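Colleague: For reference, this is final_2.txt, and it has compact mmCIF, C-alpha atoms.
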```txt
# COMPACT_ATOMS: atom_id res chain seq x y z
CA MET E 1469 16.54 -16.77 7.78
CA ALA E 1470 16.27 -13.26 9.27
CA THR E 1471 12.97 -11.59 10.17
CA TRP E 1472 12.57 -7.85 9.71
CA LYS E 1473 9.64 -5.81 11.02
CA VAL E 1474 8.20 -2.79 9.25
CA ASP E 1475 8.99 0.39 11.21
CA ALA E 1476 5.62 2.17 11.02
CA SER E 1477 7.04 5.48 12.26
CA HIS E 1478 9.42 5.59 9.29
CA THR E 1479 7.15 4.04 6.66
CA SER E 1480 4.63 5.87 4.51
CA VAL E 1481 1.86 4.20 2.53
CA GLY E 1482 0.39 6.60 0.00
CA PHE E 1483 -2.01 6.51 -2.91
CA SER E 1484 -3.43 8.78 -5.57
CA VAL E 1485 -6.53 8.62 -7.75
CA LYS E 1486 -7.95 10.85 -10.48
CA HIS E 1487 -10.59 13.29 -9.24
CA MET E 1488 -13.15 14.81 -11.63
CA MET E 1489 -11.13 13.37 -14.56
CA VAL E 1490 -8.52 16.17 -14.33
CA SER E 1491 -6.84 16.41 -10.93
CA LYS E 1492 -5.64 13.92 -8.33
CA VAL E 1493 -6.53 13.24 -4.74
CA LYS E 1494 -3.65 11.92 -2.67
CA GLY E 1495 -3.92 10.13 0.62
CA SER E 1496 -2.16 7.87 3.05
CA PHE E 1497 -2.65 5.24 5.73
CA SER E 1498 -0.84 5.62 9.05
CA GLY E 1499 -1.67 2.22 10.59
CA VAL E 1500 0.85 -0.16 9.03
CA GLU E 1501 2.66 -3.29 10.16
CA GLY E 1502 4.45 -6.06 8.38
CA THR E 1503 7.35 -8.47 8.17
CA ILE E 1504 10.00 -9.48 5.70
CA GLU E 1505 11.41 -12.95 6.26
CA GLY E 1506 14.57 -13.66 4.32
CA ASP E 1507 17.73 -11.97 3.09
CA ILE E 1508 17.00 -8.23 3.20
CA GLU E 1509 19.67 -7.54 0.56
CA ASP E 1510 18.29 -10.16 -1.86
CA LEU E 1511 14.53 -10.57 -1.60
CA THR E 1512 14.46 -13.55 -3.96
CA GLY E 1513 12.90 -16.34 -1.90
CA ALA E 1514 11.80 -13.98 0.88
CA SER E 1515 8.31 -13.90 2.35
CA ILE E 1516 6.62 -10.52 2.82
CA SER E 1517 3.38 -9.74 4.64
CA PHE E 1518 1.83 -6.35 5.21
CA THR E 1519 -1.31 -5.18 7.03
CA ILE E 1520 -2.88 -1.73 6.82
CA ASP E 1521 -5.54 -0.47 9.22
CA ALA E 1522 -8.08 0.87 6.69
CA SER E 1523 -9.61 3.21 9.27
CA THR E 1524 -6.37 5.25 9.33
CA ILE E 1525 -6.97 6.65 5.84
CA ASN E 1526 -6.16 10.36 5.54
CA THR E 1527 -6.81 12.55 2.48
CA ASN E 1528 -6.79 15.86 4.40
CA SER E 1529 -10.59 16.05 4.29
CA VAL E 1530 -12.55 14.72 7.28
CA ASP E 1531 -15.78 14.38 5.27
CA ARG E 1532 -14.06 12.53 2.42
CA ASP E 1533 -12.14 10.30 4.85
CA ASN E 1534 -15.38 9.36 6.63
CA HIS E 1535 -16.99 8.58 3.26
CA LEU E 1536 -14.00 6.40 2.32
CA ARG E 1537 -14.39 4.49 5.61
CA SER E 1538 -18.11 3.92 4.92
CA ALA E 1539 -19.78 0.98 3.15
CA ASP E 1540 -19.55 2.97 -0.13
CA PHE E 1541 -15.80 2.32 -0.16
CA PHE E 1542 -13.63 0.42 2.37
CA ASP E 1543 -16.47 -0.53 4.76
CA VAL E 1544 -14.04 -0.54 7.69
CA GLU E 1545 -16.66 -1.83 10.13
CA ASN E 1546 -16.79 -5.13 8.24
CA PHE E 1547 -13.33 -5.08 6.61
CA PRO E 1548 -10.94 -3.29 8.98
CA SER E 1549 -7.70 -4.40 7.27
CA ILE E 1550 -6.03 -4.28 3.89
CA THR E 1551 -3.46 -7.07 3.57
CA PHE E 1552 -0.71 -8.12 1.17
CA VAL E 1553 1.08 -11.49 1.26
CA SER E 1554 3.82 -12.20 -1.26
CA THR E 1555 3.64 -15.31 -3.41
CA ASP E 1556 6.59 -14.72 -5.77
CA ILE E 1557 9.55 -12.34 -5.90
CA VAL E 1558 11.56 -11.91 -9.10
CA LYS E 1559 14.80 -9.97 -9.25
CA LYS E 1560 14.72 -7.60 -12.25
CA GLY E 1561 18.09 -5.94 -11.75
CA GLU E 1562 20.48 -4.80 -9.06
CA GLY E 1563 18.22 -4.12 -6.06
CA GLU E 1564 15.05 -4.14 -8.22
CA TYR E 1565 12.23 -6.65 -7.78
CA ASP E 1566 8.75 -7.52 -8.97
CA ILE E 1567 6.87 -8.66 -5.89
CA THR E 1568 3.69 -10.56 -6.70
CA GLY E 1569 1.21 -11.38 -4.00
CA ASP E 1570 -2.37 -11.51 -2.80
CA LEU E 1571 -3.79 -8.07 -2.03
CA THR E 1572 -7.03 -8.18 -0.03
CA MET E 1573 -9.33 -5.18 0.32
CA ARG E 1574 -12.95 -5.24 1.35
CA GLY E 1575 -12.83 -9.04 1.51
CA VAL E 1576 -11.72 -9.38 -2.13
CA SER E 1577 -8.32 -10.91 -2.90
CA LYS E 1578 -6.50 -10.33 -6.19
CA LYS E 1579 -3.00 -11.08 -7.41
CA VAL E 1580 -1.04 -7.87 -7.90
CA THR E 1581 2.58 -7.15 -8.75
CA LEU E 1582 4.40 -4.29 -7.07
CA GLU E 1583 7.76 -2.92 -8.16
CA ALA E 1584 10.27 -2.59 -5.34
CA GLU E 1585 13.68 -1.00 -5.18
CA TYR E 1586 16.11 -1.78 -2.38
CA GLU E 1587 17.47 1.56 -1.14
CA GLY E 1588 20.12 0.09 1.17
CA THR E 1589 20.87 -0.52 4.84
CA GLY E 1590 22.39 1.54 7.60
CA VAL E 1591 22.59 1.88 11.35
CA ASN E 1592 20.51 4.53 13.11
CA PRO E 1593 21.87 6.68 16.01
CA TRP E 1594 20.61 4.09 18.54
CA GLY E 1595 22.64 1.30 16.96
CA VAL E 1596 19.70 -0.41 15.26
CA GLN E 1597 20.14 -1.67 11.71
CA VAL E 1598 17.61 -0.33 9.18
CA ALA E 1599 16.79 -1.31 5.62
CA ALA E 1600 14.77 0.77 3.17
CA PHE E 1601 12.69 0.06 0.09
CA GLU E 1602 10.66 2.14 -2.34
CA VAL E 1603 7.58 0.31 -3.64
CA GLU E 1604 5.15 1.32 -6.39
CA GLY E 1605 2.18 -0.23 -8.09
CA LYS E 1606 -1.26 0.31 -9.53
CA VAL E 1607 -4.60 -1.43 -8.94
CA SER E 1608 -8.11 -1.09 -10.27
CA ARG E 1609 -10.42 -0.15 -7.41
CA LYS E 1610 -13.37 -1.79 -9.21
CA GLU E 1611 -11.62 -5.18 -9.01
CA PHE E 1612 -11.89 -4.87 -5.22
CA GLU E 1613 -15.58 -3.90 -5.32
CA LEU E 1614 -14.80 -0.26 -4.56
CA THR E 1615 -17.33 0.85 -7.16
CA TRP E 1616 -19.04 3.96 -5.76
CA ASN E 1617 -18.93 6.84 -8.20
CA GLN E 1618 -20.86 9.85 -9.36
CA ALA E 1619 -21.39 11.01 -12.95
CA LEU E 1620 -20.31 14.56 -13.73
CA GLU E 1621 -22.60 16.98 -15.54
CA ALA E 1622 -19.87 17.75 -18.10
CA GLY E 1623 -19.21 14.04 -18.66
CA GLY E 1624 -16.94 11.55 -16.98
CA VAL E 1625 -16.96 10.48 -13.35
CA LEU E 1626 -15.93 11.93 -10.00
CA VAL E 1627 -13.48 9.16 -8.98
CA GLY E 1628 -11.04 7.41 -11.33
CA ASP E 1629 -10.58 3.64 -11.37
CA ASP E 1630 -6.78 3.33 -11.25
CA ILE E 1631 -5.22 3.73 -7.82
CA LYS E 1632 -1.49 4.42 -7.80
CA ILE E 1633 0.27 3.04 -4.74
CA SER E 1634 3.50 4.47 -3.36
CA ILE E 1635 5.26 3.04 -0.30
CA ASP E 1636 8.46 4.21 1.33
CA LEU E 1637 9.29 1.38 3.70
CA GLN E 1638 11.81 1.10 6.48
CA ALA E 1639 12.35 -2.15 8.38
CA ASN E 1640 14.39 -3.23 11.40
CA PRO E 1641 15.54 -6.68 12.53
CA ALA E 1642 12.87 -8.34 14.71
CA GLN E 1643 13.80 -8.39 18.37
```
Take the structure in this file and express it as structure tokens.

Modeller:
Amino acid sequence: MATWKVDASHTSVGFSVKHMMVSKVKGSFSGVEGTIEGDIEDLTGASISFTIDASTINTNSVDRDNHLRSADFFDVENFPSITFVSTDIVKKGEGEYDITGDLTMRGVSKKVTLEAEYEGTGVNPWGVQVAAFEVEGKVSRKEFELTWNQALEAGGVLVGDDIKISIDLQANPAQ
């Protein structure tokens, strides 16, 4: 069984959430690491683990990012990491998978299913093999006790509940 490590410099972990009921705020996390243990070209039976440093959140607003790091949201002092560990991987089609696992944020673990598409493998200019995946999913922030919100004068709330997740992942064989 091969072990592949997530290449953080070529991986992006993004998210978006409704803002003021009409627009979206997008953000990302830069502190990522993870492993894929198994056949990179057929994830069925593989084991995947992923860790995100919650303090690396970036929404292009220092004030908002600091608020997201606070106890109102991620509470990074007490819960510095967001983790995902696969529990089941089902092949849906050629290179397409439903990856179910335990997602833990703010000390709360929930089963979530992410959709992954295998983008292929290649060899970079330094002779290192790379594999790429595109991963998408959606979670309810309230299920992870990320409940801070503010009512709007015109009705509705400042921050939506559904968080869309988008990951472009590149991995290399573990050395």

Colleague: What's the separation between atom CA of E:Ala1476 and atom CA of E:Gln1597, in Å to one decimal place?

Modeller: 15.0 Å

Colleague: Pick from E:Val1596, E:Val1558, E:Ile1567, E:Val1500: nearest to E:Gln1643, with only C-alpha atoms counted?

Modeller: E:Val1596

Colleague: Write out as an MDAnalysis selection string each polymer residue whose atoms come within 8 Å of stretch 1539-1556 of chain E, counting all atoms listed in the file; drop sequence neighbours fewer than 2 positions from it.

Modeller: chainID E and resid 1513 1515:1523 1535:1537 1558 1567:1575 1614:1616

Colleague: Go through E:Leu1582, E:Val1591, E:Ala1514, E:Ala1600 and flag the residue nearest E:Thr1479, using all atoms listed in the file for the distances.

Modeller: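 Closest residue, counting all atoms listed in the file: E:Ala1600.
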
Colleague: What does the distance from atom CA of E:Pro1641 to atom CA of E:Val1580 come to in Å, to one decimal?

Modeller: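 Computing the Euclidean distance for atom CA of E:Pro1641 and atom CA of E:Val1580 yields 26.3 Å.
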
Colleague: Considering all atoms listed in the file, state which residue in the set E:Asn1534, E:Ser1484, E:Thr1471, E:Gln1638 is at the smallest distance from E:Gly1590.

Modeller: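 Closest to E:Gly1590 of all the choices is E:Gln1638.
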
Colleague: Using all atoms listed in the file for the distances, tell me which of E:Phe1483, E:Ala1470, E:Val1493, E:Thr1512 is nearest to E:Lys1606.

Modeller: E:Phe1483

Colleague: Hey, which of E:Phe1601, E:Phe1612, E:Glu1564, E:Lys1494 ends up closest to E:Arg1532? Count only C-alpha atoms.

Modeller: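 Nearest to E:Arg1532: E:Lys1494.
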
Colleague: May I ask for the distance between atom CA of E:Gly1482 and atom CA of E:Gly1502, given in Å to one decimal place?

Modeller: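 Result for atom CA of E:Gly1482 versus atom CA of E:Gly1502: 15.7 Å, one decimal.
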
Colleague: For E:Glu1585, please output as a PyMOL selection string all residues within 10 Å (counting only C-alpha atoms; exclusion window: fewer than 4 positions along the same chain).

Modeller: chain E and resi 1559-1566+1600-1604+1636

Colleague: From the list E:Ala1642, E:Val1598, E:Met1469, E:Val1481, which residue is nearest E:Asp1507 when using only C-alpha atoms?

Modeller: E:Met1469

Colleague: Place all heavy atoms on stretch 1566-1577 of chain E and deliver the coordinates as a PDB file, keeping the file's coordinate frame.

Modeller:
```
ATOM      1  N   ASP E1566      10.197  -7.442  -8.796  1.00  0.00           N
ATOM      2  CA  ASP E1566       8.750  -7.520  -8.970  1.00  0.00           C
ATOM      3  C   ASP E1566       8.242  -8.427  -7.867  1.00  0.00           C
ATOM      4  O   ASP E1566       8.633  -9.601  -7.795  1.00  0.00           O
ATOM      5  CB  ASP E1566       8.371  -8.121 -10.340  1.00  0.00           C
ATOM      6  CG  ASP E1566       8.454  -7.110 -11.464  1.00  0.00           C
ATOM      7  OD1 ASP E1566       8.478  -5.888 -11.179  1.00  0.00           O
ATOM      8  OD2 ASP E1566       8.492  -7.533 -12.631  1.00  0.00           O
ATOM      9  N   ILE E1567       7.410  -7.884  -7.006  1.00  0.00           N
ATOM     10  CA  ILE E1567       6.870  -8.660  -5.890  1.00  0.00           C
ATOM     11  C   ILE E1567       5.394  -8.908  -6.175  1.00  0.00           C
ATOM     12  O   ILE E1567       4.585  -7.982  -6.182  1.00  0.00           O
ATOM     13  CB  ILE E1567       7.032  -7.899  -4.554  1.00  0.00           C
ATOM     14  CG1 ILE E1567       8.512  -7.596  -4.311  1.00  0.00           C
ATOM     15  CG2 ILE E1567       6.429  -8.706  -3.407  1.00  0.00           C
ATOM     16  CD1 ILE E1567       8.778  -6.729  -3.094  1.00  0.00           C
ATOM     17  N   THR E1568       5.070 -10.163  -6.431  1.00  0.00           N
ATOM     18  CA  THR E1568       3.690 -10.560  -6.700  1.00  0.00           C
ATOM     19  C   THR E1568       3.107 -11.164  -5.433  1.00  0.00           C
ATOM     20  O   THR E1568       3.794 -11.879  -4.704  1.00  0.00           O
ATOM     21  CB  THR E1568       3.626 -11.584  -7.861  1.00  0.00           C
ATOM     22  OG1 THR E1568       4.195 -10.971  -9.025  1.00  0.00           O
ATOM     23  CG2 THR E1568       2.202 -12.013  -8.155  1.00  0.00           C
ATOM     24  N   GLY E1569       1.845 -10.843  -5.188  1.00  0.00           N
ATOM     25  CA  GLY E1569       1.210 -11.380  -4.000  1.00  0.00           C
ATOM     26  C   GLY E1569      -0.286 -11.172  -4.025  1.00  0.00           C
ATOM     27  O   GLY E1569      -0.849 -10.625  -4.985  1.00  0.00           O
ATOM     28  N   ASP E1570      -0.921 -11.636  -2.961  1.00  0.00           N
ATOM     29  CA  ASP E1570      -2.370 -11.510  -2.800  1.00  0.00           C
ATOM     30  C   ASP E1570      -2.668 -10.249  -2.010  1.00  0.00           C
ATOM     31  O   ASP E1570      -2.300 -10.145  -0.842  1.00  0.00           O
ATOM     32  CB  ASP E1570      -2.933 -12.735  -2.086  1.00  0.00           C
ATOM     33  CG  ASP E1570      -2.739 -14.004  -2.902  1.00  0.00           C
ATOM     34  OD1 ASP E1570      -2.934 -13.943  -4.126  1.00  0.00           O
ATOM     35  OD2 ASP E1570      -2.383 -15.037  -2.320  1.00  0.00           O
ATOM     36  N   LEU E1571      -3.338  -9.288  -2.672  1.00  0.00           N
ATOM     37  CA  LEU E1571      -3.790  -8.070  -2.030  1.00  0.00           C
ATOM     38  C   LEU E1571      -5.267  -8.247  -1.706  1.00  0.00           C
ATOM     39  O   LEU E1571      -6.052  -8.609  -2.594  1.00  0.00           O
ATOM     40  CB  LEU E1571      -3.592  -6.861  -2.945  1.00  0.00           C
ATOM     41  CG  LEU E1571      -4.075  -5.512  -2.415  1.00  0.00           C
ATOM     42  CD1 LEU E1571      -3.270  -5.093  -1.177  1.00  0.00           C
ATOM     43  CD2 LEU E1571      -3.966  -4.448  -3.506  1.00  0.00           C
ATOM     44  N   THR E1572      -5.640  -8.024  -0.452  1.00  0.00           N
ATOM     45  CA  THR E1572      -7.030  -8.180  -0.030  1.00  0.00           C
ATOM     46  C   THR E1572      -7.549  -6.858   0.509  1.00  0.00           C
ATOM     47  O   THR E1572      -6.977  -6.286   1.433  1.00  0.00           O
ATOM     48  CB  THR E1572      -7.167  -9.274   1.047  1.00  0.00           C
ATOM     49  OG1 THR E1572      -6.625 -10.495   0.528  1.00  0.00           O
ATOM     50  CG2 THR E1572      -8.622  -9.491   1.430  1.00  0.00           C
ATOM     51  N   MET E1573      -8.616  -6.381  -0.124  1.00  0.00           N
ATOM     52  CA  MET E1573      -9.330  -5.180   0.320  1.00  0.00           C
ATOM     53  C   MET E1573     -10.810  -5.487   0.277  1.00  0.00           C
ATOM     54  O   MET E1573     -11.294  -6.102  -0.673  1.00  0.00           O
ATOM     55  CB  MET E1573      -9.072  -3.993  -0.631  1.00  0.00           C
ATOM     56  CG  MET E1573      -7.732  -3.369  -0.508  1.00  0.00           C
ATOM     57  SD  MET E1573      -7.611  -1.797  -1.401  1.00  0.00           S
ATOM     58  CE  MET E1573      -7.518  -2.338  -3.084  1.00  0.00           C
ATOM     59  N   ARG E1574     -11.500  -5.086   1.309  1.00  0.00           N
ATOM     60  CA  ARG E1574     -12.950  -5.240   1.350  1.00  0.00           C
ATOM     61  C   ARG E1574     -13.374  -6.698   1.137  1.00  0.00           C
ATOM     62  O   ARG E1574     -14.399  -6.989   0.533  1.00  0.00           O
ATOM     63  CB  ARG E1574     -13.587  -4.326   0.308  1.00  0.00           C
ATOM     64  CG  ARG E1574     -15.023  -4.020   0.562  1.00  0.00           C
ATOM     65  CD  ARG E1574     -15.577  -3.129  -0.530  1.00  0.00           C
ATOM     66  NE  ARG E1574     -17.003  -3.258  -0.555  1.00  0.00           N
ATOM     67  CZ  ARG E1574     -17.846  -2.351  -0.118  1.00  0.00           C
ATOM     68  NH1 ARG E1574     -17.413  -1.229   0.366  1.00  0.00           N
ATOM     69  NH2 ARG E1574     -19.137  -2.569  -0.170  1.00  0.00           N
ATOM     70  N   GLY E1575     -12.528  -7.619   1.603  1.00  0.00           N
ATOM     71  CA  GLY E1575     -12.830  -9.040   1.510  1.00  0.00           C
ATOM     72  C   GLY E1575     -12.559  -9.651   0.157  1.00  0.00           C
ATOM     73  O   GLY E1575     -12.813 -10.836  -0.054  1.00  0.00           O
ATOM     74  N   VAL E1576     -12.016  -8.882  -0.780  1.00  0.00           N
ATOM     75  CA  VAL E1576     -11.720  -9.380  -2.130  1.00  0.00           C
ATOM     76  C   VAL E1576     -10.210  -9.493  -2.275  1.00  0.00           C
ATOM     77  O   VAL E1576      -9.478  -8.526  -2.032  1.00  0.00           O
ATOM     78  CB  VAL E1576     -12.282  -8.421  -3.202  1.00  0.00           C
ATOM     79  CG1 VAL E1576     -11.902  -8.903  -4.596  1.00  0.00           C
ATOM     80  CG2 VAL E1576     -13.789  -8.292  -3.066  1.00  0.00           C
ATOM     81  N   SER E1577      -9.749 -10.683  -2.687  1.00  0.00           N
ATOM     82  CA  SER E1577      -8.320 -10.910  -2.900  1.00  0.00           C
ATOM     83  C   SER E1577      -8.016 -10.996  -4.388  1.00  0.00           C
ATOM     84  O   SER E1577      -8.713 -11.686  -5.123  1.00  0.00           O
ATOM     85  CB  SER E1577      -7.868 -12.201  -2.222  1.00  0.00           C
ATOM     86  OG  SER E1577      -7.970 -12.083  -0.824  1.00  0.00           O
TER      87      SER E1577
END
```
